[in-house]
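A.B. asks: Below is the file query-v7.pdb, which contains PDB, C-alpha atoms and all ligand atoms.
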```pdb
ATOM      1  CA  MET A   1      75.275-119.988-144.049
ATOM      2  CA  ASN A   2      78.668-119.017-142.635
ATOM      3  CA  PRO A   3      80.842-122.046-141.850
ATOM      4  CA  LYS A   4      83.124-121.719-138.798
ATOM      5  CA  LEU A   5      86.504-123.225-139.657
ATOM      6  CA  PHE A   6      88.980-120.675-138.381
ATOM      7  CA  ASP A   7      89.470-122.114-134.919
ATOM      8  CA  THR A   8      89.934-125.695-136.082
ATOM      9  CA  ALA A   9      93.320-127.399-135.789
ATOM     10  CA  GLU A  10      93.237-128.011-139.515
ATOM     11  CA  ILE A  11      93.058-124.307-140.404
ATOM     12  CA  GLN A  12      95.512-123.249-137.691
ATOM     13  CA  ASP A  13      98.036-125.833-138.964
ATOM     14  CA  PHE A  14      97.371-124.718-142.522
ATOM     15  CA  LEU A  15      98.210-121.079-141.589
ATOM     16  CA  LYS A  16     101.499-122.165-139.995
ATOM     17  CA  GLU A  17     102.445-124.285-142.972
ATOM     18  CA  SER A  18     101.530-121.464-145.361
ATOM     19  CA  CYS A  19     103.923-119.171-143.467
ATOM     20  CA  GLY A  20     106.814-121.619-143.533
ATOM     21  CA  TYR A  21     106.729-122.416-139.815
ATOM     22  CA  ASN A  22     107.871-125.959-140.542
ATOM     23  CA  GLN A  23     110.778-124.781-142.739
ATOM     24  CA  GLU A  24     114.300-123.992-141.563
ATOM     25  CA  GLU A  25     114.797-121.532-144.392
ATOM     26  CA  GLY A  26     113.393-118.024-144.562
ATOM     27  CA  ASN A  27     113.184-115.005-142.292
ATOM     28  CA  PRO A  28     111.565-115.503-138.859
ATOM     29  CA  ARG A  29     110.393-111.897-138.633
ATOM     30  CA  VAL A  30     108.723-112.080-142.040
ATOM     31  CA  LYS A  31     107.104-115.389-141.066
ATOM     32  CA  GLU A  32     105.765-113.833-137.860
ATOM     33  CA  ILE A  33     104.318-110.785-139.634
ATOM     34  CA  VAL A  34     102.821-112.698-142.558
ATOM     35  CA  HIS A  35     101.336-115.275-140.194
ATOM     36  CA  ARG A  36      99.625-112.594-138.155
ATOM     37  CA  ILE A  37      98.265-110.682-141.123
ATOM     38  CA  LEU A  38      97.147-113.840-142.919
ATOM     39  CA  SER A  39      95.469-115.159-139.762
ATOM     40  CA  ASP A  40      93.666-111.848-139.306
ATOM     41  CA  LEU A  41      92.525-112.023-142.923
ATOM     42  CA  PHE A  42      91.222-115.592-142.580
ATOM     43  CA  LYS A  43      89.395-114.562-139.427
ATOM     44  CA  THR A  44      87.972-111.495-141.132
ATOM     45  CA  ILE A  45      86.719-113.626-144.048
ATOM     46  CA  GLU A  46      84.937-115.836-141.564
ATOM     47  CA  ASP A  47      83.614-113.137-139.221
ATOM     48  CA  LEU A  48      82.320-110.903-142.012
ATOM     49  CA  ASN A  49      81.332-113.832-144.241
ATOM     50  CA  ILE A  50      83.329-112.322-147.098
ATOM     51  CA  THR A  51      82.239-113.773-150.423
ATOM     52  CA  PRO A  52      84.621-114.921-153.152
ATOM     53  CA  ASP A  53      83.402-112.019-155.308
ATOM     54  CA  GLU A  54      84.326-109.539-152.596
ATOM     55  CA  TYR A  55      87.697-111.190-152.092
ATOM     56  CA  TRP A  56      88.591-111.092-155.801
ATOM     57  CA  ALA A  57      87.497-107.452-156.022
ATOM     58  CA  GLY A  58      90.080-106.811-153.299
ATOM     59  CA  ILE A  59      92.817-108.650-155.206
ATOM     60  CA  ALA A  60      92.056-106.698-158.372
ATOM     61  CA  TYR A  61      92.215-103.522-156.286
ATOM     62  CA  LEU A  62      95.679-104.364-154.955
ATOM     63  CA  ASN A  63      96.923-104.923-158.489
ATOM     64  CA  GLN A  64      95.542-101.544-159.533
ATOM     65  CA  LEU A  65      97.103 -99.895-156.509
ATOM     66  CA  GLY A  66     100.531-101.211-157.408
ATOM     67  CA  GLN A  67     100.161-100.525-161.096
ATOM     68  CA  SER A  68      99.371 -96.875-160.389
ATOM     69  CA  GLN A  69     102.107 -96.583-157.736
ATOM     70  CA  GLU A  70      99.572 -95.440-155.144
ATOM     71  CA  ALA A  71     100.260 -97.785-152.225
ATOM     72  CA  ALA A  72     102.189 -95.010-150.430
ATOM     73  CA  LEU A  73      99.264 -92.652-151.088
ATOM     74  CA  LEU A  74      96.555 -94.933-149.777
ATOM     75  CA  SER A  75      98.681 -95.513-146.668
ATOM     76  CA  PRO A  76      98.436 -91.929-145.330
ATOM     77  CA  GLY A  77      94.830 -91.792-146.531
ATOM     78  CA  LEU A  78      93.994 -94.669-144.213
ATOM     79  CA  GLY A  79      95.893 -92.966-141.386
ATOM     80  CA  ILE A  80      98.607 -95.607-141.156
ATOM     81  CA  ASP A  81     101.452 -93.089-141.585
ATOM     82  CA  ARG A  82     100.003 -90.939-138.837
ATOM     83  CA  TYR A  83      99.584 -94.002-136.630
ATOM     84  CA  LEU A  84     103.318 -94.720-136.990
ATOM     85  CA  ASP A  85     103.976 -91.086-135.973
ATOM     86  CA  LEU A  86     101.757 -91.397-132.915
ATOM     87  CA  ARG A  87     103.685 -94.506-131.906
ATOM     88  CA  MET A  88     106.965 -92.579-132.191
ATOM     89  CA  ASN A  89     105.424 -89.802-130.112
ATOM     90  CA  ALA A  90     104.535 -92.331-127.426
ATOM     91  CA  ILE A  91     108.082 -93.735-127.493
ATOM     92  CA  ASP A  92     109.464 -90.199-127.070
ATOM     93  CA  GLU A  93     107.131 -89.598-124.166
ATOM     94  CA  ALA A  94     108.205 -92.819-122.454
ATOM     95  CA  LEU A  95     111.864 -91.808-122.946
ATOM     96  CA  GLY A  96     111.202 -88.318-121.587
ATOM     97  CA  VAL A  97     112.221 -86.626-124.852
ATOM     98  CA  GLU A  98     110.981 -83.049-124.586
ATOM     99  CA  GLY A  99     111.010 -79.703-126.341
ATOM    100  CA  ARG A 100     110.912 -81.065-129.858
ATOM    101  CA  THR A 101     109.048 -79.657-132.824
ATOM    102  CA  GLU A 102     106.079 -81.891-133.618
ATOM    103  CA  ARG A 103     106.847 -84.574-136.141
ATOM    104  CA  MET A 104     104.544 -85.070-139.097
ATOM    105  CA  ILE A 105     104.388 -87.762-141.780
ATOM    106  CA  GLU A 106     106.693 -87.610-144.798
ATOM    107  CA  GLY A 107     104.087 -88.387-147.416
ATOM    108  CA  PRO A 108     104.872 -90.079-150.745
ATOM    109  CA  LEU A 109     106.385 -87.185-152.709
ATOM    110  CA  TYR A 110     109.906 -86.496-151.413
ATOM    111  CA  VAL A 111     112.752 -86.657-153.946
ATOM    112  CA  ALA A 112     116.381 -86.960-152.854
ATOM    113  CA  GLY A 113     119.106 -84.909-154.468
ATOM    114  CA  ALA A 114     117.681 -81.368-154.438
ATOM    115  CA  PRO A 115     120.124 -78.470-154.990
ATOM    116  CA  VAL A 116     121.955 -77.442-151.816
ATOM    117  CA  GLU A 117     122.300 -73.791-150.827
ATOM    118  CA  LYS A 118     123.764 -71.951-147.848
ATOM    119  CA  GLY A 119     121.477 -69.906-145.620
ATOM    120  CA  TYR A 120     119.024 -68.812-148.297
ATOM    121  CA  ALA A 121     117.362 -70.337-151.354
ATOM    122  CA  ARG A 122     114.702 -69.544-153.870
ATOM    123  CA  LEU A 123     112.625 -72.698-154.292
ATOM    124  CA  ASP A 124     110.460 -71.853-157.304
ATOM    125  CA  ASP A 125     111.821 -71.251-160.783
ATOM    126  CA  GLY A 126     109.367 -68.460-161.561
ATOM    127  CA  SER A 127     107.355 -70.469-164.082
ATOM    128  CA  ASP A 128     104.204 -70.696-161.944
ATOM    129  CA  LYS A 129     102.714 -67.276-162.565
ATOM    130  CA  ASN A 130      99.687 -67.726-160.330
ATOM    131  CA  GLY A 131     101.686 -67.891-157.144
ATOM    132  CA  HIS A 132     101.537 -65.546-154.218
ATOM    133  CA  LEU A 133     105.063 -64.829-152.969
ATOM    134  CA  LEU A 134     106.135 -66.548-149.789
ATOM    135  CA  LEU A 135     109.069 -65.753-147.521
ATOM    136  CA  MET A 136     109.731 -68.286-144.788
ATOM    137  CA  HIS A 137     112.547 -68.187-142.286
ATOM    138  CA  GLY A 138     113.587 -69.236-138.827
ATOM    139  CA  VAL A 139     116.235 -70.861-136.692
ATOM    140  CA  VAL A 140     117.137 -74.508-136.196
ATOM    141  CA  TYR A 141     117.841 -75.163-132.517
ATOM    142  CA  GLY A 142     119.828 -78.066-131.133
ATOM    143  CA  ALA A 143     119.134 -80.278-128.137
ATOM    144  CA  ASP A 144     121.021 -77.862-125.855
ATOM    145  CA  GLY A 145     118.682 -75.035-126.875
ATOM    146  CA  ASN A 146     121.305 -73.181-128.920
ATOM    147  CA  PRO A 147     121.040 -72.316-132.629
ATOM    148  CA  LEU A 148     122.621 -74.948-134.866
ATOM    149  CA  PRO A 149     124.863 -73.716-137.683
ATOM    150  CA  ASN A 150     125.268 -76.127-140.626
ATOM    151  CA  ALA A 151     121.995 -77.918-139.976
ATOM    152  CA  GLN A 152     120.304 -79.234-143.113
ATOM    153  CA  VAL A 153     116.809 -77.976-143.946
ATOM    154  CA  GLU A 154     115.252 -79.999-146.757
ATOM    155  CA  VAL A 155     112.017 -78.443-147.986
ATOM    156  CA  TRP A 156     109.567 -79.533-150.674
ATOM    157  CA  HIS A 157     106.077 -78.406-151.636
ATOM    158  CA  ALA A 158     103.493 -78.312-154.402
ATOM    159  CA  ASN A 159     102.794 -75.607-156.979
ATOM    160  CA  THR A 160      99.571 -73.597-157.318
ATOM    161  CA  LYS A 161      97.847 -76.606-158.875
ATOM    162  CA  GLY A 162      98.759 -78.828-155.954
ATOM    163  CA  PHE A 163     101.289 -80.771-158.071
ATOM    164  CA  TYR A 164     104.836 -81.659-157.020
ATOM    165  CA  SER A 165     107.793 -81.644-159.420
ATOM    166  CA  HIS A 166     108.783 -85.188-160.511
ATOM    167  CA  PHE A 167     105.141 -86.240-159.909
ATOM    168  CA  ASP A 168     103.354 -83.616-161.988
ATOM    169  CA  PRO A 169     100.833 -85.216-164.383
ATOM    170  CA  THR A 170     100.900 -82.086-166.587
ATOM    171  CA  GLY A 171     104.657 -82.491-167.126
ATOM    172  CA  GLU A 172     104.988 -78.730-166.666
ATOM    173  CA  GLN A 173     107.565 -78.582-163.888
ATOM    174  CA  GLN A 174     111.331 -78.801-164.168
ATOM    175  CA  PRO A 175     113.093 -81.304-161.894
ATOM    176  CA  PHE A 176     113.513 -80.026-158.337
ATOM    177  CA  ASN A 177     111.183 -77.084-158.775
ATOM    178  CA  MET A 178     110.119 -76.188-155.228
ATOM    179  CA  ARG A 179     112.656 -78.545-153.677
ATOM    180  CA  ARG A 180     115.851 -77.416-151.964
ATOM    181  CA  THR A 181     118.287 -78.265-149.226
ATOM    182  CA  ILE A 182     119.277 -75.198-147.215
ATOM    183  CA  ILE A 183     122.264 -75.304-144.870
ATOM    184  CA  THR A 184     121.753 -73.025-141.852
ATOM    185  CA  ASP A 185     124.137 -70.067-141.490
ATOM    186  CA  ASP A 186     126.521 -69.428-138.594
ATOM    187  CA  GLN A 187     123.585 -68.331-136.440
ATOM    188  CA  GLY A 188     121.500 -71.409-137.225
ATOM    189  CA  ARG A 189     119.208 -69.494-139.573
ATOM    190  CA  TYR A 190     117.520 -70.646-142.766
ATOM    191  CA  LYS A 191     115.470 -68.566-145.138
ATOM    192  CA  PHE A 192     113.740 -69.188-148.411
ATOM    193  CA  ARG A 193     111.594 -67.531-150.965
ATOM    194  CA  SER A 194     108.941 -69.410-152.889
ATOM    195  CA  ILE A 195     105.251 -69.183-153.698
ATOM    196  CA  LEU A 196     102.368 -70.377-151.570
ATOM    197  CA  PRO A 197     101.362 -73.895-152.599
ATOM    198  CA  ALA A 198      97.826 -75.046-153.209
ATOM    199  CA  GLY A 199      96.416 -78.048-151.403
ATOM    200  CA  TYR A 200      96.910 -81.540-152.810
ATOM    201  CA  GLY A 201      94.103 -83.723-154.121
ATOM    202  CA  CYS A 202      94.397 -87.454-154.846
ATOM    203  CA  PRO A 203      94.285 -88.347-158.560
ATOM    204  CA  PRO A 204      90.509 -88.364-159.104
ATOM    205  CA  ASP A 205      90.496 -91.551-161.203
ATOM    206  CA  GLY A 206      93.068 -93.448-159.153
ATOM    207  CA  PRO A 207      92.541 -96.391-156.811
ATOM    208  CA  THR A 208      93.120 -94.329-153.649
ATOM    209  CA  GLN A 209      90.302 -91.934-154.487
ATOM    210  CA  GLN A 210      88.202 -94.895-155.581
ATOM    211  CA  LEU A 211      88.455 -96.445-152.123
ATOM    212  CA  LEU A 212      87.987 -93.101-150.378
ATOM    213  CA  ASN A 213      84.755 -92.697-152.362
ATOM    214  CA  GLN A 214      83.571 -96.052-151.033
ATOM    215  CA  LEU A 215      84.351 -94.796-147.528
ATOM    216  CA  GLY A 216      82.426 -91.582-148.160
ATOM    217  CA  ARG A 217      85.596 -89.523-147.751
ATOM    218  CA  HIS A 218      87.341 -86.804-149.759
ATOM    219  CA  GLY A 219      90.990 -87.034-150.832
ATOM    220  CA  ASN A 220      92.199 -83.496-150.164
ATOM    221  CA  ARG A 221      95.037 -82.057-148.149
ATOM    222  CA  PRO A 222      95.365 -78.445-147.034
ATOM    223  CA  ALA A 223      98.238 -76.429-148.546
ATOM    224  CA  HIS A 224     101.432 -77.451-146.773
ATOM    225  CA  LEU A 225     105.232 -77.519-146.926
ATOM    226  CA  HIS A 226     107.343 -80.559-146.005
ATOM    227  CA  PHE A 227     110.629 -80.573-144.093
ATOM    228  CA  PHE A 228     113.434 -82.905-143.143
ATOM    229  CA  ILE A 229     115.683 -81.213-140.584
ATOM    230  CA  SER A 230     118.967 -82.909-139.750
ATOM    231  CA  ALA A 231     122.230 -82.045-138.016
ATOM    232  CA  ASP A 232     125.233 -83.851-136.571
ATOM    233  CA  GLY A 233     124.495 -85.435-133.202
ATOM    234  CA  HIS A 234     120.746 -85.002-133.584
ATOM    235  CA  ARG A 235     117.770 -87.055-134.644
ATOM    236  CA  LYS A 236     116.388 -86.261-138.073
ATOM    237  CA  LEU A 237     113.046 -84.477-137.808
ATOM    238  CA  THR A 238     110.347 -85.107-140.409
ATOM    239  CA  THR A 239     107.602 -82.523-140.321
ATOM    240  CA  GLN A 240     105.297 -80.217-142.252
ATOM    241  CA  ILE A 241     103.668 -76.874-141.799
ATOM    242  CA  ASN A 242     100.158 -76.249-143.004
ATOM    243  CA  ILE A 243      98.913 -72.934-144.362
ATOM    244  CA  ASP A 244      96.498 -71.242-142.003
ATOM    245  CA  GLY A 245      93.113 -70.424-143.465
ATOM    246  CA  ASP A 246      93.058 -73.329-145.928
ATOM    247  CA  PRO A 247      89.574 -74.881-145.883
ATOM    248  CA  TYR A 248      91.097 -78.346-145.287
ATOM    249  CA  VAL A 249      93.395 -77.320-142.437
ATOM    250  CA  ASN A 250      91.170 -79.197-139.982
ATOM    251  CA  ASP A 251      89.978 -81.815-142.479
ATOM    252  CA  ASP A 252      93.071 -83.398-144.025
ATOM    253  CA  PHE A 253      92.547 -86.744-145.760
ATOM    254  CA  ALA A 254      96.060 -87.760-144.593
ATOM    255  CA  PHE A 255      95.512 -86.753-140.937
ATOM    256  CA  ALA A 256      98.731 -84.713-141.160
ATOM    257  CA  VAL A 257      97.857 -81.533-139.309
ATOM    258  CA  HIS A 258      98.646 -80.472-135.784
ATOM    259  CA  ASP A 259      97.911 -77.175-134.013
ATOM    260  CA  ASP A 260     101.646 -76.545-133.474
ATOM    261  CA  LEU A 261     102.242 -76.858-137.218
ATOM    262  CA  VAL A 262      99.934 -74.089-138.427
ATOM    263  CA  PRO A 263     102.074 -70.970-137.979
ATOM    264  CA  PRO A 264     100.691 -67.466-138.509
ATOM    265  CA  VAL A 265     100.982 -66.188-142.071
ATOM    266  CA  THR A 266     101.555 -62.433-142.190
ATOM    267  CA  GLU A 267     100.847 -60.416-145.317
ATOM    268  CA  VAL A 268     103.666 -57.906-145.891
ATOM    269  CA  THR A 269     102.782 -54.888-148.021
ATOM    270  CA  ASP A 270     105.315 -52.415-146.633
ATOM    271  CA  GLU A 271     107.501 -51.135-149.516
ATOM    272  CA  ALA A 272     110.622 -50.805-147.384
ATOM    273  CA  ARG A 273     110.318 -54.412-146.169
ATOM    274  CA  MET A 274     109.645 -55.604-149.724
ATOM    275  CA  LYS A 275     112.811 -53.878-150.914
ATOM    276  CA  GLU A 276     114.860 -55.160-147.997
ATOM    277  CA  GLU A 277     113.819 -58.729-148.778
ATOM    278  CA  ASN A 278     114.203 -58.346-152.556
ATOM    279  CA  MET A 279     110.524 -59.134-153.047
ATOM    280  CA  GLU A 280     108.967 -57.458-156.081
ATOM    281  CA  ALA A 281     105.417 -57.660-154.751
ATOM    282  CA  PRO A 282     103.578 -58.001-151.449
ATOM    283  CA  PHE A 283     104.322 -61.365-149.881
ATOM    284  CA  ALA A 284     103.206 -63.819-147.241
ATOM    285  CA  GLU A 285     105.701 -64.228-144.415
ATOM    286  CA  ILE A 286     106.065 -67.205-142.125
ATOM    287  CA  GLU A 287     108.513 -67.398-139.264
ATOM    288  CA  PHE A 288     109.047 -70.894-137.932
ATOM    289  CA  ASP A 289     111.803 -72.381-135.777
ATOM    290  CA  PHE A 290     112.698 -76.053-135.615
ATOM    291  CA  HIS A 291     113.832 -77.727-132.395
ATOM    292  CA  LEU A 292     115.869 -80.899-132.840
ATOM    293  CA  THR A 293     116.473 -83.541-130.207
ATOM    294  CA  ALA A 294     119.539 -85.496-129.176
ATOM    295  CA  LEU A 295     120.352 -89.002-130.336
ATOM    296  CA  VAL A 296     118.983 -91.719-128.052
ATOM    297  CA  ASP A 297     121.810 -93.964-126.781
ATOM    298  CA  GLY A 298     123.902 -92.597-129.628
ATOM    299  CA  LYS A 299     121.287 -93.551-132.227
ATOM    300  CA  ASP A 300     118.659 -91.853-134.310
ATOM    301  CA  ASN A 301     115.574 -93.808-133.283
ATOM    302  CA  GLN A 302     113.203 -91.691-135.368
ATOM    303  CA  ALA A 303     114.904 -91.700-138.769
ATOM    304  CA  VAL A 304     112.865 -93.726-141.253
ATOM    305  CA  GLU A 305     114.379 -95.795-144.047
ATOM    306  CA  ARG A 306     112.044 -96.222-146.981
ATOM    307  CA  PRO A 307     112.415 -96.389-150.742
ATOM    308  CA  ARG A 308     112.650 -92.833-152.068
ATOM    309  CA  LEU A 309     112.966 -91.421-155.550
ATOM    310  CA  VAL A 310     116.423 -90.030-156.296
ATOM    311  CA  GLY A 311     116.144 -87.190-158.782
TER     312      GLY A 311
HETATM  313  C1  LIG B 401     100.890 -85.202-150.250
HETATM  314  O1  LIG B 401     101.451 -84.069-150.726
HETATM  315  C2  LIG B 401     101.146 -85.523-148.981
HETATM  316  O2  LIG B 401     101.921 -84.709-148.293
HETATM  317  C3  LIG B 401     100.601 -86.655-148.416
HETATM  318  C4  LIG B 401     100.851 -86.991-146.995
HETATM  319  C5  LIG B 401      99.786 -87.462-149.159
HETATM  320  C6  LIG B 401      99.549 -87.147-150.461
HETATM  321  C7  LIG B 401     100.091 -86.018-151.011
HETATM  322 FE    FE B 402     102.676 -83.129-149.482
END
```
Would you mind giving the structure from this file in structure tokens?
Ligand code: MBD
Ligand code: FE
C.D. replies:
Amino acid sequence: MNPKLFDTAEIQDFLKESCGYNQEEGNPRVKEIVHRILSDLFKTIEDLNITPDEYWAGIAYLNQLGQSQEAALLSPGLGIDRYLDLRMNAIDEALGVEGRTERMIEGPLYVAGAPVEKGYARLDDGSDKNGHLLLMHGVVYGADGNPLPNAQVEVWHANTKGFYSHFDPTGEQQPFNMRRTIITDDQGRYKFRSILPAGYGCPPDGPTQQLLNQLGRHGNRPAHLHFFISADGHRKLTTQINIDGDPYVNDDFAFAVHDDLVPPVTEVTDEARMKEENMEAPFAEIEFDFHLTALVDGKDNQAVERPRLVG
């Protein structure tokens, strides 16, 4: 039997009282959000006839999720991060914002405070011996279509095991390995040398993978590099590029791929080019430009504030 209580005055009053609707104190926005989510949960319990055992399994799961610091990993896995992106895309479209590089979710693994370098940086410290050399470069363009000197290119990516420094379970990586902030030169150019990352996989024994298993889904991302691009008078762009040819490039558990963000990767074997670029072996080359957009009514309406690790 599934009792129908949700639509009774008693339960509706109970939800309002639970969310402090009859209290002066508190935050109205928080009350509104909690009331909606709690109401949806009550309704879900009724509609799906959720048993107490199922409910308490969910509570135990939330505790595990927090304990393992994976809430911000499950979030992209469920597509919520990408949903927020798609909403920002729709806002841009309504405002007539055009010509921008596609945005793409930040993910949970950014660390603030990376070393800052002008024009060029080497991202890897040479300790990952399995890496294939990568040279990536391009121009940051402003809203007026001209190259932007002194723009900030923050880049971070994983090593050949798919692990990020500061979050590496092997403890092998030095702080800020494969993380840099590059300031564009007087022609708006950035350039860096690194190694091609491997794709990321969710911790196999963690709560995110545990839920994905229940959904019949994998927890893998294609190899990718993350970027924050910022400059005076412009909105901060959060994006990624994905490495063409990766088996997961069209099957990302975090829904963080877009056709515009899979640039060609060219293999350079020419000795003269290798010498010119100070590369001691053949390397993969990616050219990719970033197009920033103007502030909206003097404000950055796409910059996201969230708790971030400071290294
Ligand atoms: C990552 O490296 C990532 O970028 C995302 C979105 C989720 C998990 C790991
Ligand atoms: Fe990532």
A.B. asks: Choose the residue, out of A:Ala9, A:Ala198, A:Ala151, A:Ala90, that has the smallest atom-to-atom separation from ligand FE 402 (chain B); count all atoms listed in the file.
C.D. replies: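 Nearest to ligand FE 402 (chain B): A:Ala198.
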A.B. asks: Can you check which parts of region 46-81 of chain A lie within 12 Å of region 16-40 of chain A? Per residue, the shortest pair of atoms and distance in Å to one decimal, counting all atoms listed in the file, sorted by chain and number, as a Markdown table.
C.D. replies:
```
| residue | atom | partner | partner_atom | distance |
| --- | --- | --- | --- | --- |
| A:Glu46 | CA | A:Asp40 | CA | 9.9 |
| A:Asp47 | CA | A:Asp40 | CA | 10.1 |
| A:Leu48 | CA | A:Asp40 | CA | 11.7 |
```
A.B. asks: Please report the interatomic distance between CA of Arg189 (chain A) and CA of Val265 (chain A) in Å with one decimal.
C.D. replies: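 Computing the Euclidean distance for CA of Arg189 (chain A) and CA of Val265 (chain A) yields 18.7 Å.
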A.B. asks: Might you pull out every residue within 9 Å of region 77-84 of chain A, with all atoms listed in the file counted and same-chain residues fewer than 6 positions away left off, and present them as a list of chain:residue names?
C.D. replies: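 Listing them by chain and then by number gives A:Met104, A:Ile105, A:Glu106, A:Gly107, A:Thr208, A:Leu212, A:Gly219, A:Asp252, A:Phe253, A:Ala254, A:Phe255, A:Ala256.
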A.B. asks: Quick one: everything within 12 Å of Ala284 (chain A), counting only C-alpha atoms, minus sequence neighbours fewer than 3 positions away in the same chain. Send it as a ChimeraX atom specification.
C.D. replies: /A:131-137,192-197,243-244,263-270,273-274,277,279,281,287
A.B. asks: Which residues are close to Leu65 (chain A), i.e. within 12 Å by all atoms listed in the file, leaving aside same-chain residues fewer than 2 positions away? Reply as a PDB file with C-alpha atoms, in the frame of the given file.
C.D. replies:
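Output (result-v4.pdb):
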```pdb
ATOM      1  CA  GLY A  58      90.080-106.811-153.299  1.00  0.00           C
ATOM      2  CA  ILE A  59      92.817-108.650-155.206  1.00  0.00           C
ATOM      3  CA  ALA A  60      92.056-106.698-158.372  1.00  0.00           C
ATOM      4  CA  TYR A  61      92.215-103.522-156.286  1.00  0.00           C
ATOM      5  CA  LEU A  62      95.679-104.364-154.955  1.00  0.00           C
ATOM      6  CA  ASN A  63      96.923-104.923-158.489  1.00  0.00           C
ATOM      7  CA  GLN A  67     100.161-100.525-161.096  1.00  0.00           C
ATOM      8  CA  SER A  68      99.371 -96.875-160.389  1.00  0.00           C
ATOM      9  CA  GLN A  69     102.107 -96.583-157.736  1.00  0.00           C
ATOM     10  CA  GLU A  70      99.572 -95.440-155.144  1.00  0.00           C
ATOM     11  CA  ALA A  71     100.260 -97.785-152.225  1.00  0.00           C
ATOM     12  CA  ALA A  72     102.189 -95.010-150.430  1.00  0.00           C
ATOM     13  CA  LEU A  73      99.264 -92.652-151.088  1.00  0.00           C
ATOM     14  CA  LEU A  74      96.555 -94.933-149.777  1.00  0.00           C
ATOM     15  CA  SER A  75      98.681 -95.513-146.668  1.00  0.00           C
ATOM     16  CA  ASP A 205      90.496 -91.551-161.203  1.00  0.00           C
ATOM     17  CA  GLY A 206      93.068 -93.448-159.153  1.00  0.00           C
ATOM     18  CA  PRO A 207      92.541 -96.391-156.811  1.00  0.00           C
ATOM     19  CA  THR A 208      93.120 -94.329-153.649  1.00  0.00           C
ATOM     20  CA  GLN A 209      90.302 -91.934-154.487  1.00  0.00           C
ATOM     21  CA  GLN A 210      88.202 -94.895-155.581  1.00  0.00           C
ATOM     22  CA  LEU A 211      88.455 -96.445-152.123  1.00  0.00           C
TER      23      LEU A 211
END
```
A.B. asks: Quick one: which chain A residues come within 8 Å of ligand FE 402 (chain B), and what is the nearest atom pair for each with the distance in Å to one decimal, counting all atoms listed in the file, rows ordered by chain and ascending number, as JSON lines?
C.D. replies:
```
{"residue": "A:Glu106", "atom": "CA", "partner": "B:FE402", "partner_atom": "FE", "distance": 7.6}
{"residue": "A:Gly107", "atom": "CA", "partner": "B:FE402", "partner_atom": "FE", "distance": 5.8}
{"residue": "A:Pro108", "atom": "CA", "partner": "B:FE402", "partner_atom": "FE", "distance": 7.4}
{"residue": "A:Leu109", "atom": "CA", "partner": "B:FE402", "partner_atom": "FE", "distance": 6.4}
{"residue": "A:Trp156", "atom": "CA", "partner": "B:FE402", "partner_atom": "FE", "distance": 7.9}
{"residue": "A:His157", "atom": "CA", "partner": "B:FE402", "partner_atom": "FE", "distance": 6.2}
{"residue": "A:Ala158", "atom": "CA", "partner": "B:FE402", "partner_atom": "FE", "distance": 6.9}
{"residue": "A:Tyr164", "atom": "CA", "partner": "B:FE402", "partner_atom": "FE", "distance": 8.0}
{"residue": "A:Tyr200", "atom": "CA", "partner": "B:FE402", "partner_atom": "FE", "distance": 6.8}
{"residue": "A:Arg221", "atom": "CA", "partner": "B:FE402", "partner_atom": "FE", "distance": 7.8}
{"residue": "A:His224", "atom": "CA", "partner": "B:FE402", "partner_atom": "FE", "distance": 6.4}
{"residue": "A:Leu225", "atom": "CA", "partner": "B:FE402", "partner_atom": "FE", "distance": 6.7}
{"residue": "A:His226", "atom": "CA", "partner": "B:FE402", "partner_atom": "FE", "distance": 6.4}
```
A.B. asks: What is the CA of Gln64 (chain A)-atom O1 of ligand LIG 401 (chain B) distance in Å, reported with one decimal?
C.D. replies: 20.4 Å
A.B. asks: Excluding Asn49 (chain A) and any residue of its chain fewer than 3 positions from it, enumerate the residues within 9 Å of it, using only C-alpha atoms, and give them as JSON, numbers by chain.
C.D. replies: {"A": [1, 2, 3, 44, 45, 46]}
A.B. asks: Of the candidates A:Ala143, A:Val111, A:Met88, A:Asp289, which shows the shortest atom-to-atom distance to Thr184 (chain A), using only C-alpha atoms?
C.D. replies: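 Of A:Ala143, A:Val111, A:Met88, A:Asp289, the one nearest Thr184 (chain A), counting only C-alpha atoms, is A:Asp289.
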A.B. asks: Taking only C-alpha atoms and all ligand atoms into account, name the residue in A:Phe167, A:Tyr141, A:Phe6, A:Phe290 that is nearest to ligand LIG 401 (chain B).
C.D. replies: A:Phe167
A.B. asks: Would you compute, for all listed atoms of ligand LIG 401 (chain B), the axis-aligned bounding box grown by 3 Å on each side, and then report its centre and edge lengths in Å rounded to one decimal, as AutoDock Vina command-line options?
C.D. replies:
```
--center_x 100.7 --center_y -85.8 --center_z -149.0 --size_x 8.4 --size_y 9.4 --size_z 10.0
```
A.B. asks: I'd like the residues picked by the PyMOL selection byres (((chain A and resi 296-301) around 9) and not hetatm) written out as an MDAnalysis selection string, using the chain letters and numbers from the file.
C.D. replies: chainID A and resid 88 95 233:236 293:295 302:304
A.B. asks: For each of A:Pro169, A:Pro222, A:Pro175, A:Pro247, take the minimum atom-to-atom distance to ligand LIG 401 (chain B), counting all atoms listed in the file, then give the residue where this is smallest.
C.D. replies: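 When distances to ligand LIG 401 (chain B) are compared using all atoms listed in the file, the smallest one comes from A:Pro222.
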